[in-house]
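Participant: Below you'll find the structure I mean.
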Amino acid sequence: MTSRELIVVTGKGGVGKSAVSAALGRILASTGRQTLILEIDPRENVHQMLAAPPSDGEVVRVAANLYLQHLQPRTVLDQLVRERVRIDFLTKRVLESPVYHHFTEGAPGLRELAVLGHSLLLVQGRVPGAPAIDVVIVDAPATGHGVALLRAPRLVSEVIRQGPVASLTEEVAELVASPQRCGVVVVTLAEEMPVTEALELRADLESAVQRQPDLLVANGLYPPVPVGAAEATEEEGARRLWYRRRELNDVELERLASRWSGPRVEVPLFPLDRGPALVSEIERSLAS
Amino acid sequence: MTERAWPPLIIVVGAGGVGKTTLAAALGLLSAEQGEETLVMTFDPSLRLKDSLGVGDEAKDEEVEVTSHLWASLLDAKQTFDRLVARYAPDEKARDRILHNRYYEHLAGGLAGILEYMAVERLFEVSKSGRFQRVILDTPPTRQALDFLEAPSRIVGFLDSGALRLALRPWFDADGKLRPTARLGRLGRRFESYLDEVVGLDLLRQMVEFFQAFAPLFDGFRERAREVESLLRSSRTLFVLVAGPGEEKIPDALFFARRLRETGYTLGPIVVNRMHPPVEDLQPQSDPAEDEVDGLALFQWLGERDARGFEELGQLVGEDHPLVGLPLLENEPSNLETLQQLARQFGERVQEF
């Protein structure tokens, strides 16, 4: 994980993807790599995890070697038009045209491609005004599967076959296809539905881009049932719920163990609200 | 919950991972228990209702009976879209021209919220058929789950927008060269080469062809989109908002509640799902291990966090708005029995909509 240029953190909403992205960012930054966390979700929240001001589209330095950028895919596309057209009134007309609007909203994979393309340009030092970046961590949108993101280059290359978008697409496809350069981290809860979906995601990744995830993070685990603890009685509501939910966790962890080859890490549930203290705890769990 | 108080259409919305699908299924069970023919529809690529209700891929084609009075179906956007095309195409030739367009498959999934639109389209189809007394729709698991509400008006907007008129113009001449640019002289050539460079003229040709093939369908499509829109806004269509527990989930819930109210949809009960109950039995067993103390402290913290979130949300949405807290269950509802447990919990807390 320490030499990758791009790490895509994926998982469905509410599994703690942003906290894991932030913790990964801190770990990579601590190895001296210039790390940027790229957040795509329409509402910003990674900055809260790192006690930083909101990025507002800009690259913000949050700590030594660690940067954050919150981005709307649209912005990247608009920027591309500005660079290519270079005639003010024409640029304006293109950007305001409903054709452009519907095209960029609707064209399959284009927004996802923009995110990956931007990441690639960042690590290659091709984004004007941005600091030198060694690795970009993409906190993938909760919408659907991260597979859509990784499949995008292939999809776009099917419909756009020439010009700068096509060549960027090709570069991105190469990056995504390379296990040495691009890592995939799947975050899940150890519950039935999320685990089922994580396993589906793994299968989709395999069939769509012939890639396997590098790491599975089983997040938010209830504490293990203490050794030798007596069965919780009907009256002991909390204890009963705790033991029972942990048993459910264990069933799912076992399912993962039998069906998920490759590194897995378990992160417990902490009595902490989202914020830097929580990120530190997750960082410790990930590092071990 | 009296029979009369249940509207014929219930749409379950909320952020991803809060248990929407499960709750939709539980509502379906409740409704079916009243003897109403009830259909639960889910629109979800991971097909989770399948797990909860024990229905398989066959539910993609038609409604599948789950238990007495309860039916389930899985929405498949591409399939619904194909059906629509077949219905509105004036003849077979027009239909095939669309279905075989190289761009169709991609466009069908992505264009202007068509995917989301298909959910409401299918809903409309089913509710028109009169086969069911109640339909419960689970919605796509996205943070912007309300996008699908706007899908009909976005489709109409798109059909009426200049984009379409532009696309329908004869852009390309017989040689596949862009036509209007010739009239624009140097600037036109520049524009053409820009287009070619950035997106590739081949893509544009495909798109234009797609729209031209699609044109005969627009009128039927537009009218349908309007009907769907008014169905969603009907006072007999109720939205049940599901939220996760804890303070940090409040912004999500508020966001949905505000959008629904502002845009004139009928917002029913807000359900805060999977709340950790308050901890009363803090007395550990005799000679407690350190783990035991830590574990119970965590549950105490979770219980307090969730209660705080519930209270804050209640104040923010207004005290007279129905707010329902559902506890985290010992078993994740994944079969009919455990769904019934959840259904009962809900039924006890909501007397009427």
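Residues in the structure tokens are named by chain (A, B, ... in the order shown) and by number from 1 within that chain; ligands are numbered from 1 in the order shown.
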If we count only C-alpha atoms, what is near Gly220 of chain A at a cut-off of 10 Å, once residues fewer than 3 positions away on the same chain are taken out, given as a list in words?
Facilitator: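 My reading of the contact set: Val15, Gly16, Thr188, Leu189, Ala190, Glu191, Val217, Pro223, Asn249, Glu266, Val267, Pro268, Leu269, Phe270 and Ile282 of chain A.
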Participant: Put those residues in a file: C-alpha atoms, as a PDB file, in the first residue's frame.
Facilitator:
ATOM      1  CA  VAL A  15     -19.971   2.280   6.958  1.00  0.00           C
ATOM      2  CA  GLY A  16     -17.354   4.819   7.989  1.00  0.00           C
ATOM      3  CA  THR A 188     -17.863  -2.688   5.345  1.00  0.00           C
ATOM      4  CA  LEU A 189     -19.727  -3.381   8.538  1.00  0.00           C
ATOM      5  CA  ALA A 190     -19.740  -6.974   9.752  1.00  0.00           C
ATOM      6  CA  GLU A 191     -23.459  -7.361   9.121  1.00  0.00           C
ATOM      7  CA  VAL A 217     -11.793  -3.086   6.530  1.00  0.00           C
ATOM      8  CA  PRO A 223     -16.556  -5.636  21.485  1.00  0.00           C
ATOM      9  CA  ASN A 249     -20.505  -9.777  13.757  1.00  0.00           C
ATOM     10  CA  GLU A 266     -10.936  -5.423  11.974  1.00  0.00           C
ATOM     11  CA  VAL A 267     -11.795  -2.056  13.467  1.00  0.00           C
ATOM     12  CA  PRO A 268     -13.898  -1.930  16.636  1.00  0.00           C
ATOM     13  CA  LEU A 269     -16.698   0.485  17.433  1.00  0.00           C
ATOM     14  CA  PHE A 270     -15.379   3.341  19.555  1.00  0.00           C
ATOM     15  CA  ILE A 282      -8.983   3.831  13.556  1.00  0.00           C
TER      16      ILE A 282
END
Participant: Could you write out, as number ranges by chain, all the residues of segment 213-262 of chain A that DSSP marks as helix (DSSP H, G or I)?
Facilitator: A: 237-259
Participant: Write the residues of the selection above to a file with C-alpha atoms, as an mmCIF file, in the first residue's frame.
Facilitator:
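File written: part_0.cif
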data_model
loop_
_atom_site.group_PDB
_atom_site.id
_atom_site.type_symbol
_atom_site.label_atom_id
_atom_site.label_comp_id
_atom_site.auth_asym_id
_atom_site.auth_seq_id
_atom_site.Cartn_x
_atom_site.Cartn_y
_atom_site.Cartn_z
ATOM 1 C CA GLY A 237 -31.041 -5.773 27.960
ATOM 2 C CA ALA A 238 -27.812 -4.043 27.031
ATOM 3 C CA ARG A 239 -25.611 -7.000 27.780
ATOM 4 C CA ARG A 240 -27.895 -9.267 25.781
ATOM 5 C CA LEU A 241 -27.963 -6.910 22.812
ATOM 6 C CA TRP A 242 -24.199 -6.549 22.976
ATOM 7 C CA TYR A 243 -23.507 -10.300 23.032
ATOM 8 C CA ARG A 244 -26.070 -10.940 20.332
ATOM 9 C CA ARG A 245 -24.805 -8.206 18.004
ATOM 10 C CA ARG A 246 -21.252 -9.414 18.480
ATOM 11 C CA GLU A 247 -22.334 -12.938 17.611
ATOM 12 C CA LEU A 248 -23.820 -11.543 14.405
ATOM 13 C CA ASN A 249 -20.505 -9.777 13.757
ATOM 14 C CA ASP A 250 -18.670 -13.059 14.316
ATOM 15 C CA VAL A 251 -20.904 -14.929 11.880
ATOM 16 C CA GLU A 252 -20.152 -12.319 9.216
ATOM 17 C CA LEU A 253 -16.444 -12.179 10.009
ATOM 18 C CA GLU A 254 -16.365 -15.916 9.557
ATOM 19 C CA ARG A 255 -18.169 -15.630 6.246
ATOM 20 C CA LEU A 256 -15.587 -13.078 5.162
ATOM 21 C CA ALA A 257 -12.754 -15.288 6.347
ATOM 22 C CA SER A 258 -13.988 -18.152 4.201
ATOM 23 C CA ARG A 259 -14.818 -16.121 1.110
#
Participant: So that I can check the surroundings of Lys20 of chain B, please list as a ChimeraX atom specification every protein, DNA and RNA residue that reaches within 7 Å of it, counting only C-alpha atoms and ignoring chain neighbours fewer than 5 positions away.
Facilitator: /B:12-14,138,242
Participant: Can you work out the spacing between atom CA of Ile133 of chain A and atom CA of Arg111 of chain A in Å, to one decimal?
Facilitator: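 Between atom CA of Ile133 of chain A and atom CA of Arg111 of chain A the gap is 21.8 Å.
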Participant: Which residues are close to Val228 of chain B, i.e. within 12 Å by only C-alpha atoms, leaving aside same-chain residues fewer than 5 positions away? Reply as a PyMOL selection string.
Facilitator: chain B and resi 117-128+148-153+155-156+221-223+233-234+237
Participant: For each of B:Val208, B:Leu84, B:Val240, B:Ala225, take the minimum atom-to-atom distance to chain A, counting only C-alpha atoms, then give the residue where this is smallest.
Facilitator: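 So, comparing all the options, the nearest one is B:Val208.
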Participant: For chain B, which residue out of A:Leu150, A:Val225, A:Leu36, A:Leu113 is the nearest one, using only C-alpha atoms?
Facilitator: A:Val225
Participant: Please run DSSP on the backbone and report, as a PDB file with C-alpha atoms, in the first residue's frame, all residues within segment 114-176 of chain A that come out as strand (DSSP E or B).
Facilitator:
ATOM      1  CA  VAL A 135      -0.570   9.506  -3.574  1.00  0.00           C
ATOM      2  CA  VAL A 136      -4.264  10.370  -3.868  1.00  0.00           C
ATOM      3  CA  ILE A 137      -6.825   8.651  -1.677  1.00  0.00           C
ATOM      4  CA  VAL A 138     -10.264   8.835  -3.271  1.00  0.00           C
ATOM      5  CA  ASP A 139     -13.114   8.709  -0.788  1.00  0.00           C
TER       6      ASP A 139
END
Participant: Could you name the residues that touch Pro179 of chain A at 12 Å or less, counting only C-alpha atoms, but leaving out those on the same chain fewer than 4 positions away, as number ranges by chain?
Facilitator: A: 1, 3-8, 173-175, 183-184, 209-214
Participant: Neighbours of Ala51 of chain A within 9 Å (only C-alpha atoms; same-chain residues fewer than 6 positions away dropped), as a short mmCIF file (atom, residue, chain, number, x, y, z; two decimals) with C-alpha atoms, in the first residue's frame?
Facilitator:
data_model
loop_
_atom_site.label_atom_id
_atom_site.label_comp_id
_atom_site.auth_asym_id
_atom_site.auth_seq_id
_atom_site.Cartn_x
_atom_site.Cartn_y
_atom_site.Cartn_z
CA VAL A 62 -4.26 19.80 6.87
CA GLY A 275 -13.65 13.65 14.57
CA PRO A 276 -9.88 13.50 14.96
#
